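Listing of my_file.cif; format and content: mmCIF, C-alpha atoms and all ligand atoms.
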data_upload
#
loop_
_atom_site.label_atom_id
_atom_site.label_comp_id
_atom_site.auth_asym_id
_atom_site.auth_seq_id
_atom_site.Cartn_x
_atom_site.Cartn_y
_atom_site.Cartn_z
CA MET A 911 99.11 73.25 86.83
CA PHE A 912 102.74 74.03 86.16
CA SER A 913 105.13 71.09 85.83
CA MET A 914 108.88 71.64 85.90
CA ASN A 915 109.33 68.23 84.33
CA LEU A 916 107.20 69.08 81.34
CA LEU A 917 108.95 72.40 80.83
CA GLN A 918 112.38 70.76 80.83
CA LYS A 919 111.18 67.99 78.53
CA LYS A 920 109.75 70.56 76.13
CA PHE A 921 113.00 72.53 76.09
CA SER A 922 114.97 69.45 75.21
CA GLU A 923 112.45 68.37 72.56
CA ILE A 924 112.51 71.78 70.82
CA PHE A 925 116.13 72.86 71.27
CA GLY A 926 117.97 69.62 72.07
CA GLY A 927 120.09 69.06 75.17
CA LYS A 928 119.43 70.74 78.48
CA GLU A 929 118.58 74.28 79.56
CA GLU A 930 121.16 76.33 81.47
CA TRP A 931 118.74 78.40 83.51
CA ILE A 932 115.17 78.48 84.69
CA VAL A 933 113.59 81.80 85.57
CA ARG A 934 110.11 82.61 86.87
CA ALA A 935 108.00 85.73 87.39
CA PRO A 936 104.61 85.67 89.14
CA GLY A 937 101.14 86.98 88.34
CA ARG A 938 99.44 89.16 90.90
CA VAL A 939 96.23 90.11 92.65
CA ASN A 940 95.42 93.54 94.06
CA LEU A 941 94.18 93.26 97.66
CA ILE A 942 92.97 96.86 97.92
CA GLY A 943 93.52 100.23 96.21
CA GLU A 944 91.39 100.14 93.05
CA HIS A 945 91.27 102.96 90.46
CA THR A 946 93.73 104.87 92.63
CA ASP A 947 96.84 104.35 90.46
CA TYR A 948 96.06 106.95 87.79
CA ASN A 949 95.08 109.37 90.57
CA GLY A 950 98.61 109.26 91.99
CA GLY A 951 97.43 107.14 94.92
CA PHE A 952 98.15 103.83 96.63
CA VAL A 953 97.72 100.18 95.67
CA LEU A 954 98.39 97.04 97.70
CA PRO A 955 98.94 93.98 95.46
CA MET A 956 100.64 90.66 96.19
CA ALA A 957 102.53 88.29 93.87
CA ILE A 958 100.69 84.95 93.64
CA ASP A 959 101.89 81.37 93.44
CA ARG A 960 101.22 81.20 89.70
CA ALA A 961 103.96 82.30 87.36
CA VAL A 962 105.43 82.42 83.89
CA TRP A 963 108.48 80.15 83.68
CA ILE A 964 111.23 80.17 81.06
CA ALA A 965 113.81 77.39 80.61
CA LEU A 966 116.64 78.86 78.57
CA ARG A 967 120.16 78.53 77.21
CA SER A 968 122.47 81.27 75.94
CA ARG A 969 123.41 81.60 72.27
CA LYS A 970 126.58 82.98 70.78
CA ASP A 971 124.66 85.22 68.36
CA LYS A 972 122.05 87.97 68.67
CA GLN A 973 119.07 85.71 67.95
CA VAL A 974 116.23 84.92 70.35
CA PHE A 975 114.27 81.70 69.73
CA VAL A 976 111.21 81.09 71.90
CA TYR A 977 108.64 78.32 72.12
CA SER A 978 105.38 79.05 73.98
CA MET A 979 103.78 75.96 75.47
CA GLU A 980 100.48 77.83 75.80
CA TYR A 981 100.37 78.84 72.13
CA LYS A 982 102.29 75.73 70.91
CA GLU A 983 104.26 77.97 68.62
CA ASN A 984 107.91 78.78 67.80
CA ARG A 985 108.87 82.41 67.21
CA SER A 986 112.19 84.18 66.82
CA PHE A 987 113.67 87.64 66.35
CA SER A 988 117.05 89.33 66.05
CA LEU A 989 118.28 91.76 68.71
CA ASP A 990 119.97 93.79 65.98
CA ILE A 991 116.92 95.20 64.24
CA LEU A 992 114.44 95.90 67.03
CA GLU A 993 114.48 99.68 66.73
CA LYS A 994 113.49 99.52 63.09
CA GLN A 995 110.64 97.12 63.75
CA ASN A 996 109.11 99.40 66.33
CA GLN A 997 108.82 102.16 63.76
CA GLU A 998 106.72 100.01 61.48
CA GLU A 999 102.98 100.45 61.61
CA LYS A 1000 101.85 98.08 64.39
CA LYS A 1001 99.30 95.41 63.71
CA LYS A 1002 97.50 93.59 66.48
CA SER A 1003 99.98 92.49 69.18
CA GLU A 1004 101.00 88.85 69.45
CA TRP A 1005 102.56 86.99 72.36
CA ILE A 1006 106.09 87.42 71.02
CA ASP A 1007 105.61 91.20 71.21
CA TYR A 1008 105.79 91.06 75.01
CA ILE A 1009 109.19 89.39 74.75
CA GLN A 1010 110.46 91.49 71.89
CA GLY A 1011 109.17 94.68 73.55
CA THR A 1012 111.03 93.82 76.75
CA ALA A 1013 114.24 93.30 74.75
CA TRP A 1014 113.66 96.61 72.98
CA ALA A 1015 113.02 98.48 76.26
CA LEU A 1016 116.15 96.95 77.86
CA GLN A 1017 118.23 98.03 74.87
CA LYS A 1018 116.71 101.52 74.99
CA GLU A 1019 117.89 101.69 78.59
CA GLY A 1020 121.42 101.06 77.33
CA TYR A 1021 121.85 97.35 78.06
CA ASN A 1022 123.80 95.23 75.61
CA LEU A 1023 121.78 92.02 75.23
CA SER A 1024 122.84 88.51 74.21
CA GLY A 1025 120.73 85.94 72.40
CA TRP A 1026 119.10 82.85 73.92
CA GLU A 1027 116.71 80.05 73.17
CA GLY A 1028 113.98 79.10 75.58
CA ALA A 1029 110.64 77.45 76.29
CA VAL A 1030 107.89 79.43 78.05
CA CYS A 1031 105.33 77.76 80.26
CA SER A 1032 102.80 79.38 82.57
CA ASP A 1033 99.99 78.72 85.01
CA VAL A 1034 98.86 82.34 85.13
CA PRO A 1035 95.53 82.25 83.28
CA ILE A 1036 95.71 84.53 80.24
CA GLY A 1037 93.40 87.54 80.20
CA ALA A 1038 91.80 86.72 83.57
CA GLY A 1039 93.12 89.89 85.22
CA LEU A 1040 95.99 88.20 87.08
CA SER A 1041 98.50 89.95 84.83
CA SER A 1042 100.02 87.18 82.77
CA SER A 1043 101.43 89.95 80.56
CA ALA A 1044 103.56 91.56 83.30
CA ALA A 1045 104.68 88.09 84.43
CA LEU A 1046 105.84 87.33 80.88
CA GLU A 1047 107.68 90.65 80.63
CA LEU A 1048 109.45 90.22 83.97
CA ALA A 1049 110.37 86.61 83.23
CA THR A 1050 111.82 87.82 79.92
CA ALA A 1051 113.78 90.60 81.61
CA ARG A 1052 115.08 88.07 84.16
CA ALA A 1053 116.14 85.83 81.26
CA PHE A 1054 118.07 88.60 79.50
CA ALA A 1055 119.63 89.77 82.77
CA THR A 1056 120.75 86.24 83.61
CA ILE A 1057 122.27 85.54 80.22
CA GLY A 1058 123.87 88.98 79.86
CA ASN A 1059 125.12 89.39 83.45
CA ILE A 1060 122.98 92.49 83.90
CA PRO A 1061 122.60 93.57 87.54
CA TRP A 1062 119.06 92.86 88.76
CA ASN A 1063 117.39 95.92 90.19
CA PRO A 1064 113.73 94.88 90.59
CA SER A 1065 112.01 98.28 90.54
CA GLN A 1066 114.14 99.53 87.64
CA MET A 1067 113.27 96.35 85.73
CA ALA A 1068 109.57 96.90 86.50
CA TYR A 1069 109.83 100.34 85.00
CA ILE A 1070 111.53 99.00 81.86
CA CYS A 1071 108.87 96.30 81.44
CA GLN A 1072 106.11 98.86 81.81
CA LYS A 1073 107.74 100.81 78.95
CA ALA A 1074 107.71 97.61 76.87
CA GLU A 1075 103.97 97.18 77.42
CA ASN A 1076 103.18 100.90 76.91
CA LEU A 1077 105.38 101.65 73.93
CA TRP A 1078 105.88 98.34 72.12
CA VAL A 1079 102.67 96.41 72.85
CA HIS A 1080 100.72 99.70 72.99
CA VAL A 1081 98.76 98.92 76.16
CA SER A 1082 98.63 101.92 78.49
CA CYS A 1083 98.94 100.11 81.82
CA GLY A 1084 100.19 101.67 85.06
CA ILE A 1085 103.23 100.45 87.00
CA MET A 1086 101.48 98.19 89.54
CA ASP A 1087 101.58 94.87 87.66
CA GLN A 1088 105.25 95.04 86.75
CA MET A 1089 106.27 96.40 90.16
CA ILE A 1090 104.67 93.56 92.11
CA SER A 1091 105.83 90.88 89.67
CA ALA A 1092 109.38 92.23 90.15
CA CYS A 1093 109.40 93.12 93.86
CA GLY A 1094 107.05 90.60 95.49
CA GLU A 1095 108.20 88.63 98.52
CA LYS A 1096 106.94 85.42 100.11
CA ASP A 1097 104.15 86.05 102.65
CA HIS A 1098 104.08 89.78 101.89
CA ALA A 1099 101.97 92.24 99.96
CA LEU A 1100 103.48 95.44 98.56
CA LEU A 1101 102.20 98.94 99.20
CA ILE A 1102 103.04 101.05 96.14
CA ASP A 1103 102.86 104.82 96.09
CA CYS A 1104 101.94 105.32 92.44
CA ARG A 1105 103.24 108.89 92.46
CA SER A 1106 106.69 108.51 94.02
CA LEU A 1107 106.96 104.78 93.12
CA GLU A 1108 108.12 104.15 96.68
CA THR A 1109 107.24 100.67 97.90
CA LYS A 1110 106.81 99.04 101.29
CA LEU A 1111 106.50 95.32 101.98
CA CYS A 1112 103.79 94.36 104.47
CA PRO A 1113 103.16 90.88 105.90
CA THR A 1114 99.96 89.12 104.86
CA PRO A 1115 98.07 88.03 108.00
CA LYS A 1116 99.22 84.69 109.38
CA GLY A 1117 96.70 81.86 109.17
CA THR A 1118 94.86 83.35 106.18
CA SER A 1119 94.55 82.49 102.50
CA ILE A 1120 93.84 84.86 99.67
CA ILE A 1121 91.22 83.36 97.38
CA ILE A 1122 90.88 84.70 93.86
CA MET A 1123 87.41 84.13 92.43
CA ASP A 1124 87.00 84.42 88.67
CA THR A 1125 83.38 85.28 87.85
CA ALA A 1126 83.67 83.90 84.29
CA THR A 1127 82.43 87.25 83.01
CA ARG A 1128 84.76 89.43 80.97
CA ARG A 1129 85.16 93.12 80.94
CA GLY A 1130 83.22 94.09 77.81
CA LEU A 1131 82.53 97.70 78.77
CA VAL A 1132 85.80 98.26 80.45
CA GLU A 1133 87.70 100.41 78.01
CA SER A 1134 85.17 103.17 77.43
CA ALA A 1135 84.03 103.16 81.06
CA TYR A 1136 87.64 103.26 82.25
CA ASN A 1137 88.40 106.27 80.07
CA LEU A 1138 85.27 108.02 81.29
CA ARG A 1139 86.24 107.41 84.95
CA ARG A 1140 89.71 108.81 84.30
CA GLU A 1141 88.21 111.94 82.73
CA GLN A 1142 85.83 112.38 85.64
CA CYS A 1143 88.72 112.13 88.11
CA GLU A 1144 90.69 114.71 86.14
CA THR A 1145 87.72 117.08 85.97
CA ALA A 1146 87.12 116.72 89.70
CA SER A 1147 90.79 117.48 90.43
CA ARG A 1148 90.63 120.61 88.29
CA LEU A 1149 87.49 121.83 90.04
CA LEU A 1150 89.08 121.13 93.43
CA GLY A 1151 92.22 123.03 92.40
CA ILE A 1152 94.54 120.08 92.95
CA GLN A 1153 96.89 118.18 90.69
CA GLN A 1154 95.38 114.73 91.34
CA LEU A 1155 92.79 113.26 93.72
CA ARG A 1156 95.75 111.96 95.73
CA ASP A 1157 96.19 115.55 96.94
CA ILE A 1158 93.05 115.72 99.04
CA SER A 1159 92.75 113.95 102.39
CA TRP A 1160 89.74 111.97 103.52
CA GLU A 1161 89.32 114.41 106.45
CA ASP A 1162 89.17 117.45 104.14
CA PHE A 1163 86.96 115.80 101.55
CA PRO A 1164 83.46 116.58 102.96
CA LYS A 1165 83.88 120.35 103.10
CA LYS A 1166 85.96 120.73 99.92
CA SER A 1167 83.87 118.46 97.71
CA THR A 1168 80.76 120.66 97.87
CA VAL A 1169 81.89 122.40 94.66
CA LEU A 1170 81.43 119.14 92.74
CA SER A 1171 78.32 117.81 91.00
CA ASP A 1172 76.70 114.74 92.56
CA ILE A 1173 78.35 112.33 90.14
CA LEU A 1174 81.83 113.87 90.47
CA GLN A 1175 81.43 113.85 94.25
CA ARG A 1176 80.73 110.13 94.18
CA ARG A 1177 83.58 109.35 91.79
CA SER A 1178 86.11 111.31 93.80
CA ARG A 1179 84.73 110.08 97.13
CA HIS A 1180 85.64 106.58 95.99
CA VAL A 1181 89.21 107.51 95.10
CA VAL A 1182 89.86 109.62 98.20
CA SER A 1183 88.33 107.07 100.58
CA GLU A 1184 90.09 104.20 98.78
CA ASN A 1185 93.47 105.85 99.29
CA PHE A 1186 92.62 106.23 102.98
CA ARG A 1187 91.46 102.59 103.23
CA THR A 1188 94.57 101.31 101.45
CA LEU A 1189 96.88 103.05 103.91
CA GLN A 1190 94.72 101.80 106.80
CA ALA A 1191 94.81 98.28 105.36
CA GLN A 1192 98.59 98.42 105.30
CA LEU A 1193 98.64 99.45 108.97
CA ALA A 1194 96.21 96.64 109.79
CA MET A 1195 98.60 94.20 108.11
CA GLU A 1196 101.51 95.49 110.15
CA LYS A 1197 99.48 94.77 113.27
CA GLN A 1198 98.27 91.38 111.94
CA ASP A 1199 94.76 92.79 112.42
CA THR A 1200 92.90 90.48 110.06
CA ILE A 1201 89.44 91.67 111.12
CA SER A 1202 90.16 95.30 110.17
CA LEU A 1203 91.84 94.30 106.91
CA GLY A 1204 88.72 92.33 105.95
CA LYS A 1205 86.51 95.27 106.86
CA TYR A 1206 88.48 97.63 104.59
CA MET A 1207 88.17 95.14 101.74
CA ASN A 1208 84.40 95.02 102.24
CA GLU A 1209 84.16 98.82 102.30
CA SER A 1210 86.29 99.02 99.16
CA HIS A 1211 83.78 96.87 97.30
CA GLU A 1212 80.80 98.95 98.42
CA SER A 1213 82.59 102.10 97.30
CA LEU A 1214 83.47 100.63 93.89
CA LYS A 1215 79.89 99.42 93.47
CA ASN A 1216 77.96 102.49 94.66
CA ASP A 1217 80.26 105.49 94.17
CA PHE A 1218 82.58 104.51 91.33
CA GLU A 1219 80.02 102.20 89.66
CA VAL A 1220 82.45 99.75 88.08
CA SER A 1221 81.11 96.48 89.53
CA ASN A 1222 78.66 94.18 87.77
CA ASP A 1223 76.00 91.67 88.88
CA ALA A 1224 78.40 88.73 88.70
CA LEU A 1225 81.04 90.45 90.85
CA ASN A 1226 78.40 91.52 93.37
CA ALA A 1227 76.99 87.98 93.50
CA MET A 1228 80.48 86.49 94.00
CA VAL A 1229 81.30 88.93 96.80
CA GLU A 1230 77.99 88.16 98.54
CA CYS A 1231 78.55 84.39 98.26
CA ALA A 1232 82.03 84.83 99.75
CA ARG A 1233 80.75 86.92 102.63
CA ASN A 1234 78.11 84.27 103.38
CA HIS A 1235 80.85 81.85 104.43
CA PRO A 1236 81.86 82.05 108.12
CA ALA A 1237 85.62 81.84 107.32
CA CYS A 1238 85.53 85.01 105.22
CA PHE A 1239 87.04 88.18 106.76
CA GLY A 1240 86.27 90.33 103.72
CA ALA A 1241 85.73 90.24 99.96
CA ARG A 1242 85.78 92.71 97.08
CA MET A 1243 86.02 92.96 93.33
CA THR A 1244 89.59 93.41 92.12
CA GLY A 1245 90.91 94.91 88.89
CA ALA A 1246 89.27 97.50 86.67
CA GLY A 1247 85.78 96.00 87.06
CA PHE A 1248 82.80 95.07 84.84
CA GLY A 1249 83.68 91.40 85.29
CA GLY A 1250 86.90 89.52 85.91
CA CYS A 1251 87.87 88.50 89.43
CA ALA A 1252 86.96 89.15 93.04
CA VAL A 1253 89.29 88.49 95.97
CA ALA A 1254 88.58 87.26 99.51
CA LEU A 1255 90.56 87.05 102.73
CA VAL A 1256 89.78 83.71 104.36
CA ARG A 1257 90.78 81.66 107.39
CA GLN A 1258 93.44 79.33 106.01
CA GLU A 1259 92.23 76.02 107.45
CA MET A 1260 88.79 76.65 105.90
CA ALA A 1261 90.08 77.69 102.46
CA GLN A 1262 89.06 74.48 100.71
CA ASP A 1263 85.64 74.42 102.33
CA PHE A 1264 85.18 78.09 101.43
CA SER A 1265 86.07 77.43 97.78
CA THR A 1266 83.59 74.57 97.43
CA PHE A 1267 80.87 76.58 99.16
CA VAL A 1268 81.37 79.73 97.06
CA SER A 1269 81.60 77.77 93.79
CA GLU A 1270 78.31 76.03 94.47
CA GLN A 1271 76.47 79.11 95.71
CA TYR A 1272 77.70 81.24 92.82
CA LYS A 1273 76.81 78.60 90.25
CA ALA A 1274 73.32 78.21 91.68
CA ARG A 1275 72.76 81.96 91.69
CA THR A 1276 74.15 82.92 88.31
CA THR A 1277 74.35 79.65 86.29
CA LEU A 1278 77.95 80.68 85.54
CA ASN A 1279 80.95 78.42 86.14
CA PRO A 1280 83.48 80.19 88.37
CA THR A 1281 87.17 79.33 88.87
CA LEU A 1282 88.66 79.74 92.34
CA TYR A 1283 92.37 79.95 93.11
CA ILE A 1284 93.60 79.48 96.66
CA SER A 1285 96.77 81.55 96.68
CA GLN A 1286 99.73 82.53 98.79
CA ALA A 1287 102.11 85.46 98.40
CA THR A 1288 105.35 84.52 96.62
CA LYS A 1289 108.64 86.05 95.60
CA GLY A 1290 108.95 88.27 92.54
CA ALA A 1291 110.98 87.52 89.38
CA GLU A 1292 113.87 85.21 90.18
CA ILE A 1293 116.28 82.57 88.96
CA TRP A 1294 114.96 79.17 90.01
CA ASN A 1295 117.31 76.63 91.47
CA VAL A 1296 116.36 73.26 90.05
CA GLU A 1297 116.93 70.35 92.53
P1 LIG A 1301 96.40 89.61 81.53
O1 LIG A 1301 95.28 90.18 82.34
O2 LIG A 1301 96.51 88.14 81.71
O3 LIG A 1301 97.69 90.35 81.73
P2 LIG A 1301 96.67 90.74 78.90
O4 LIG A 1301 95.74 90.83 77.76
O5 LIG A 1301 97.24 91.99 79.48
O6 LIG A 1301 95.96 89.84 80.00
O7 LIG A 1301 97.94 89.85 78.46
C1 LIG A 1301 97.75 88.59 77.89
C2 LIG A 1301 98.73 88.40 76.76
O8 LIG A 1301 100.05 88.14 77.28
C3 LIG A 1301 98.40 87.18 75.92
O9 LIG A 1301 97.47 87.51 74.91
C4 LIG A 1301 99.77 86.83 75.34
O10 LIG A 1301 100.08 87.66 74.25
C5 LIG A 1301 100.72 87.18 76.48
N1 LIG A 1301 100.97 85.97 77.31
C6 LIG A 1301 100.56 85.76 78.57
N2 LIG A 1301 100.97 84.54 79.03
C7 LIG A 1301 101.67 83.98 78.02
C8 LIG A 1301 102.34 82.72 77.83
N3 LIG A 1301 102.37 81.83 78.80
N4 LIG A 1301 102.95 82.48 76.64
C9 LIG A 1301 102.92 83.41 75.67
N5 LIG A 1301 102.29 84.60 75.78
C10 LIG A 1301 101.67 84.89 76.92
MG MG A 1302 98.00 92.45 81.36
#
I'd like the structure from this file rewritten - as structure tokens, please.
Ligand code: ADP
Ligand code: MG
Amino acid sequence: MFSMNLLQKKFSEIFGGKEEWIVRAPGRVNLIGEHTDYNGGFVLPMAIDRAVWIALRSRKDKQVFVYSMEYKENRSFSLDILEKQNQEEKKKSEWIDYIQGTAWALQKEGYNLSGWEGAVCSDVPIGAGLSSSAALELATARAFATIGNIPWNPSQMAYICQKAENLWVHVSCGIMDQMISACGEKDHALLIDCRSLETKLCPTPKGTSIIIMDTATRRGLVESAYNLRREQCETASRLLGIQQLRDISWEDFPKKSTVLSDILQRRSRHVVSENFRTLQAQLAMEKQDTISLGKYMNESHESLKNDFEVSNDALNAMVECARNHPACFGARMTGAGFGGCAVALVRQEMAQDFSTFVSEQYKARTTLNPTLYISQATKGAEIWNVE
């Protein structure tokens, strides 16, 4: 668990004296809208109450000194020679690359950056699918903006951080993770139109908790399977004569999809129905209709499992355990699939009971040790007022 005290103590131990600022940027979970982003569709994530925190102090020069409490390591770089470094042949990325890449992307955008020294601490589990990477990028951007008096435009900053991850770290992620880590609000999820990048905040249902359930299985197959799914979606779009699967409505799908092979029909049926469900889920949220929201989450899982075929036994077992608890409105896998996390919408006063129940059931069924996070929607990247 994150401790402000420890972070401040660490800063003082490493850099001496006291920090000037503390910034935070949250991890995220996607409630619905899976494998829709690269089809120009809709996603509905929320920022969670786990974040990357940086305690920092400005420097007079163009140096950045960072200590990561997770990696127990000091690293530094100069803001003057970033361009040159990016042209070098890249080796495997390290944690400092997320920070350096964000600096590089901000400079590319025309911002004049100042140096700082800071300690990084986080309670977003790394590599669990809760997007610790986007949280680190947004916290870094918030740090540079704070030190350099750069106006904070959340969606523009999300875009810059995505460039950092795509072009400096060389991970080809979409915009969702950065957008929600930048634009999240307390008690709200965020509908993102991945084509226009328009966003809309929608209230999470009152009296519910979002429970993230890590299956303790990791996505071994994910890269090749992900690429294959993308290709199949592109082929289906071409055969349907549309730019992206976003361009066909759920109503039109049955008659138009007859030109597709069985497998392409199933792949595109997932994407087209998932876009429909995501928009319906947003409407359900507006109406505080928890029952319908849960139902769309359940249907999303079935579609990912049967039509898109990106679930695995562990995810299916976790979802079934969750649904076996009476406080569960709905549950689904979340993220790219083949392992990682599932997410459930649960009656708030039963959240603890639900977590114990699901942990035990899942353990008994799979012999795996799950981790469950009871979470609430929080604000996106921000300066934190200590005291
Ligand atoms: P995730 O699903 O958590 O985003 P990624 O592989 O995309 O997984 O990003 C994880 C990487 O982000 C780590 O390997 C590390 O380089 C960086 N990172 C995340 N959190 C921290 C942290 N607290 N301190 C330093 N680096 C971090
Ligand atoms: Mg990531």
Do you know which residues lie at most 6 Å from (93.7, 80.5, 95.9), with coordinates as in the file and all atoms listed in the file counted, and could you write them as an MDAnalysis selection string? chainID A and resid 1120:1122 1283:1285
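For the atom pair formed by atom CA of Ser1003 of chain A and atom CA of Ser922 of chain A, the distance is 28.1 Å, given to one decimal.
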Using all atoms listed in the file, find each residue with an atom at most 10 Å away from ligand LIG 1301 (chain A) and format the answer as an NGL selection string. :A and (937-938 or 961-964 or 976-983 or 1003-1009 or 1029-1047 or 1075 or 1079 or 1081 or 1083 or 1087 or 1245 or 1250)
Residue with smallest distance to Lys928 of chain A - pool A:Ser968, A:Ser1171, A:Thr1125, A:Gln1286, counting only C-alpha atoms: A:Ser968
Ile1158 of chain A proximity check over A:Ser1183, A:Ala1049, A:Asp1263, A:Gly1020, using all atoms listed in the file: winner is A:Ser1183
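Straight-line separation from atom CA of Thr1145 of chain A to atom CA of Arg1177 of chain A: 10.5 Å.
Remark: for ligand MG 1302 (chain A), the closest of the candidate residues A:Leu1189, A:Leu1278, A:Cys1071, A:Leu1203 is A:Cys1071 (distances computed over all atoms listed in the file).
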Do you know which residues are at most 7 Å from Phe987 of chain A counting only C-alpha atoms, after dropping those on the same chain fewer than 3 positions away, and could you put them as a short mmCIF file (atom, residue, chain, number, x, y, z; two decimals) with C-alpha atoms, in the coordinates of the input?
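Here's the written file part_27.cif:
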data_model
loop_
_atom_site.label_atom_id
_atom_site.label_comp_id
_atom_site.auth_asym_id
_atom_site.auth_seq_id
_atom_site.Cartn_x
_atom_site.Cartn_y
_atom_site.Cartn_z
CA GLN A 973 119.07 85.71 67.95
CA VAL A 974 116.23 84.92 70.35
CA PHE A 975 114.27 81.70 69.73
#
Cut-off 9 Å around (77.4, 89.9, 89.2) with all atoms listed in the file: residues as a PDB file with C-alpha atoms, in the frame of the given file:
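So the final result, stored in part_25.pdb, reads:
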ATOM      1  CA  THR A1125      83.380  85.280  87.850  1.00  0.00           C
ATOM      2  CA  THR A1127      82.430  87.250  83.010  1.00  0.00           C
ATOM      3  CA  SER A1221      81.110  96.480  89.530  1.00  0.00           C
ATOM      4  CA  ASN A1222      78.660  94.180  87.770  1.00  0.00           C
ATOM      5  CA  ASP A1223      76.000  91.670  88.880  1.00  0.00           C
ATOM      6  CA  ALA A1224      78.400  88.730  88.700  1.00  0.00           C
ATOM      7  CA  LEU A1225      81.040  90.450  90.850  1.00  0.00           C
ATOM      8  CA  ASN A1226      78.400  91.520  93.370  1.00  0.00           C
ATOM      9  CA  ALA A1227      76.990  87.980  93.500  1.00  0.00           C
ATOM     10  CA  MET A1228      80.480  86.490  94.000  1.00  0.00           C
ATOM     11  CA  VAL A1229      81.300  88.930  96.800  1.00  0.00           C
ATOM     12  CA  PHE A1248      82.800  95.070  84.840  1.00  0.00           C
ATOM     13  CA  GLY A1249      83.680  91.400  85.290  1.00  0.00           C
ATOM     14  CA  THR A1276      74.150  82.920  88.310  1.00  0.00           C
TER      15      THR A1276
END
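Shortest separation to ligand MG 1302 (chain A) among A:Pro1064, A:Lys1289, A:Cys1251, A:Gln1072 occurs at residue A:Gln1072, atoms counted being all atoms listed in the file.
Using all atoms listed in the file, the smallest distance between any of A:Ala1246, A:Ala1099, A:Leu1155, A:Leu1193 and ligand MG 1302 (chain A) comes from A:Ala1246.
Of note, atom CA of Ile1293 of chain A and atom CA of Arg934 of chain A are spaced 6.5 Å apart.
Minimum distance to Asn940 of chain A across A:Thr1118, A:Ser1167, A:Gln1142, A:Ser1210 (counting only C-alpha atoms) occurs at A:Ser1210.
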